[in-house]
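J.: Can you read through this structure? Questions will come right after.
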Amino acid sequence: MNILVLGSTGRVGSAVVSNALRDNHQVTAFARNPKKIEINDENLTITQGNVLNKADIAQAMHGMDIVISALNTDGTTTLSESMPLIIEAMENEGIQRIITVGTAGILQSRTSPEILRYQSSESKRKSTRAAEDHHKAYDILKESTLDWTIVCPTYLPDGEKIGEYRIERDFLPENGAKISVPDTAEFTYSQITSRDYIKSRVGIAY
């Protein structure tokens with residue numbers, strides 16, 4: 001497959017790139033600062049660009065089969081501002097499948113299922129800014145015609161790849177406290193061949 005990875009220099013994004021290259025896919029890593037990408041592989045194309053630039057995103061989408069976004073919020077509104085541009089470029093190119101990495105904050109609360117975790121007493125975070133931006137991006141994806149999946153990890157230490165973890169649609173697995181970056185990346189990447197969680201959020205934790 002031709003896979004476009006947005007947020008390719010981040011912890012999860014760079015691990016997704018490595019996983020896809022391991023399986024001999026053609027990978028385009030989209031990055032503001034390509035020098036941060038330290039992988040050399042004949043199947044890797046590095047494209048410099050800004051996700052908030054419509055022309056950059058449109059150009060990066062050419063010839064892609066699938067999009068994986070591991071963009072984070074950077075303490076700003078990058079996610080929600082870039083999502084309409086990403087969706088439009090995908091629709092123009094006829095690309096149907098997008099897998100994004102969100103946050104457990106945008107899963108449903110177990111204690112108050114009618115609201116999201118970050119809006120409930122379940123969330124321990126003092127600031128809700130990142131979750132709010134993820135929430136906006138989720139709402140925008142929901143309105144699209146794309147086959148989207150949002151992988152929603154809880155606390156995300158670098159850690160080891162264990163290869164065993166729990167997943168649950170729309171909720172964080174009960175008492176889930178953490179999930180490592182390598183396991184999150186592995187599950188995110190595995191969704192390129194899965195139809196199990198189309199148009200769904202997936203909670204992931206040990």
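Order determines the names: the first chain of the structure tokens is A, the second B, and so forth; residues in each chain are numbered 1 upward, and ligands are numbered 1 upward as they are shown.
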Contacts of Thr76 (chain A) at 9 Å or less, counting only C-alpha atoms, minus same-chain residues fewer than 4 places along, as JSON, numbers by chain?
T.: {"A": [129, 130, 133]}
J.: Please identify all polymer residues within 8 Å of Tyr206 (chain A), counting only C-alpha atoms, omitting same-chain residues fewer than 6 positions from it, and present them as a list in words.
T.: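 Answer for this query is Glu164, Tyr165, Arg166, Gly176, Ala177, Lys178 and Ile179 of chain A.
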J.: Env of region 33-39 of chain A: 9 Å cut, atoms = only C-alpha atoms, seq-sep filter 2 positions within chain, self excluded. Answer as a list in words.
T.: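 Using only C-alpha atoms, the neighbours found are Ser8, Thr9, Ser14, Val17, Ser18, Ala29, Phe30, Ala31, Asp41, Leu44, Ile46, Thr47, Gln48 and Gly49 of chain A.
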J.: Can you spit out the residues from that selection as a PDB file, in the first residue's frame, using N, CA and C atoms?
T.:
```
ATOM      1  N   SER A   8       4.567  12.302  11.590  1.00  0.00           N
ATOM      2  CA  SER A   8       5.520  11.189  11.458  1.00  0.00           C
ATOM      3  C   SER A   8       6.769  11.344  12.318  1.00  0.00           C
ATOM      4  N   THR A   9       6.991  12.527  12.893  1.00  0.00           N
ATOM      5  CA  THR A   9       8.182  12.698  13.738  1.00  0.00           C
ATOM      6  C   THR A   9       7.872  12.496  15.220  1.00  0.00           C
ATOM      7  N   SER A  14       6.396   8.007  14.409  1.00  0.00           N
ATOM      8  CA  SER A  14       7.657   7.427  13.922  1.00  0.00           C
ATOM      9  C   SER A  14       7.639   5.904  14.062  1.00  0.00           C
ATOM     10  N   VAL A  17       5.581   4.547  11.174  1.00  0.00           N
ATOM     11  CA  VAL A  17       6.412   4.549   9.955  1.00  0.00           C
ATOM     12  C   VAL A  17       7.295   3.305   9.926  1.00  0.00           C
ATOM     13  N   SER A  18       7.960   3.009  11.024  1.00  0.00           N
ATOM     14  CA  SER A  18       8.849   1.835  11.101  1.00  0.00           C
ATOM     15  C   SER A  18       8.087   0.539  10.863  1.00  0.00           C
ATOM     16  N   ALA A  29       6.256  10.032   4.719  1.00  0.00           N
ATOM     17  CA  ALA A  29       6.255  10.672   6.036  1.00  0.00           C
ATOM     18  C   ALA A  29       6.160  12.180   5.832  1.00  0.00           C
ATOM     19  N   PHE A  30       5.088  12.750   6.329  1.00  0.00           N
ATOM     20  CA  PHE A  30       4.820  14.181   6.177  1.00  0.00           C
ATOM     21  C   PHE A  30       5.280  14.871   7.446  1.00  0.00           C
ATOM     22  N   ALA A  31       6.147  15.864   7.318  1.00  0.00           N
ATOM     23  CA  ALA A  31       6.721  16.473   8.519  1.00  0.00           C
ATOM     24  C   ALA A  31       7.048  17.938   8.292  1.00  0.00           C
ATOM     25  N   ASP A  41      15.312   4.354   4.252  1.00  0.00           N
ATOM     26  CA  ASP A  41      14.704   3.161   3.664  1.00  0.00           C
ATOM     27  C   ASP A  41      14.282   3.501   2.240  1.00  0.00           C
ATOM     28  N   LEU A  44      10.775   4.707   1.761  1.00  0.00           N
ATOM     29  CA  LEU A  44      10.333   5.885   2.516  1.00  0.00           C
ATOM     30  C   LEU A  44      10.545   7.159   1.698  1.00  0.00           C
ATOM     31  N   ILE A  46      10.105  11.246   2.221  1.00  0.00           N
ATOM     32  CA  ILE A  46       9.895  12.271   3.252  1.00  0.00           C
ATOM     33  C   ILE A  46       9.432  13.547   2.572  1.00  0.00           C
ATOM     34  N   THR A  47       8.281  14.044   2.993  1.00  0.00           N
ATOM     35  CA  THR A  47       7.697  15.249   2.404  1.00  0.00           C
ATOM     36  C   THR A  47       7.615  16.332   3.465  1.00  0.00           C
ATOM     37  N   GLN A  48       8.211  17.484   3.159  1.00  0.00           N
ATOM     38  CA  GLN A  48       8.134  18.600   4.102  1.00  0.00           C
ATOM     39  C   GLN A  48       6.844  19.375   3.852  1.00  0.00           C
ATOM     40  N   GLY A  49       6.160  19.732   4.929  1.00  0.00           N
ATOM     41  CA  GLY A  49       4.940  20.506   4.767  1.00  0.00           C
ATOM     42  C   GLY A  49       4.297  20.807   6.099  1.00  0.00           C
TER      43      GLY A  49
END
```
J.: Name all residues at most 10 Å from Arg11 (chain A) (count only C-alpha atoms; drop same-chain ones fewer than 2 positions away) and give them as number ranges by chain.
T.: A: 7-9, 13-16, 70, 156-158, 181-182, 185
J.: Keeping only N, CA and C atoms, write the selected residues to a file as a short mmCIF file (atom, residue, chain, number, x, y, z; two decimals), in the first residue's frame.
T.:
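Now in part-v2.cif:
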```
data_model
loop_
_atom_site.label_atom_id
_atom_site.label_comp_id
_atom_site.auth_asym_id
_atom_site.auth_seq_id
_atom_site.Cartn_x
_atom_site.Cartn_y
_atom_site.Cartn_z
N GLY A 7 2.17 13.56 11.22
CA GLY A 7 2.72 13.48 12.59
C GLY A 7 3.81 12.43 12.67
N SER A 8 4.57 12.30 11.59
CA SER A 8 5.52 11.19 11.46
C SER A 8 6.77 11.34 12.32
N THR A 9 6.99 12.53 12.89
CA THR A 9 8.18 12.70 13.74
C THR A 9 7.87 12.50 15.22
N GLY A 13 3.87 8.32 15.75
CA GLY A 13 4.00 8.42 14.29
C GLY A 13 5.26 7.77 13.75
N SER A 14 6.40 8.01 14.41
CA SER A 14 7.66 7.43 13.92
C SER A 14 7.64 5.90 14.06
N ALA A 15 6.98 5.39 15.11
CA ALA A 15 6.87 3.94 15.27
C ALA A 15 5.95 3.34 14.21
N VAL A 16 4.89 4.06 13.83
CA VAL A 16 4.00 3.61 12.76
C VAL A 16 4.77 3.53 11.44
N ALA A 70 -0.98 10.70 13.27
CA ALA A 70 -0.58 10.68 14.68
C ALA A 70 -0.27 12.11 15.13
N LEU A 156 0.50 7.38 28.12
CA LEU A 156 1.28 6.82 27.02
C LEU A 156 2.79 6.92 27.27
N PRO A 157 3.35 6.09 28.15
CA PRO A 157 4.81 6.11 28.33
C PRO A 157 5.50 5.44 27.15
N ASP A 158 6.79 5.73 26.98
CA ASP A 158 7.53 5.12 25.86
C ASP A 158 7.49 3.59 25.99
N VAL A 181 3.91 3.37 23.94
CA VAL A 181 3.97 3.91 22.58
C VAL A 181 4.08 2.79 21.54
N PRO A 182 5.01 1.81 21.70
CA PRO A 182 5.12 0.76 20.67
C PRO A 182 3.84 -0.05 20.48
N ALA A 185 1.28 2.13 18.65
CA ALA A 185 1.64 2.23 17.22
C ALA A 185 1.32 0.94 16.49
#
```
J.: From a DSSP pass on the backbone, collect the residues of region 9-145 of chain A flagged as helix (DSSP H, G or I) and hand them back as a PyMOL selection string.
T.: chain A and resi 11-22+34-36+54-60+78-93+104-106+117-119+129-142
J.: Could you pull out the residues in chain A that DSSP calls strand (DSSP E) from the backbone, as a VMD selection string?
T.: chain A and resid 2 to 6 26 to 31 44 to 48 66 to 69 97 to 101 147 to 153 166 to 169 200 to 205
J.: Which is closest to Leu71 (chain A) among A:Arg32, A:Lys142, A:Arg169, A:Arg97, if we use only C-alpha atoms?
T.: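 The shortest atom-to-atom distance to Leu71 (chain A) comes from A:Arg32.
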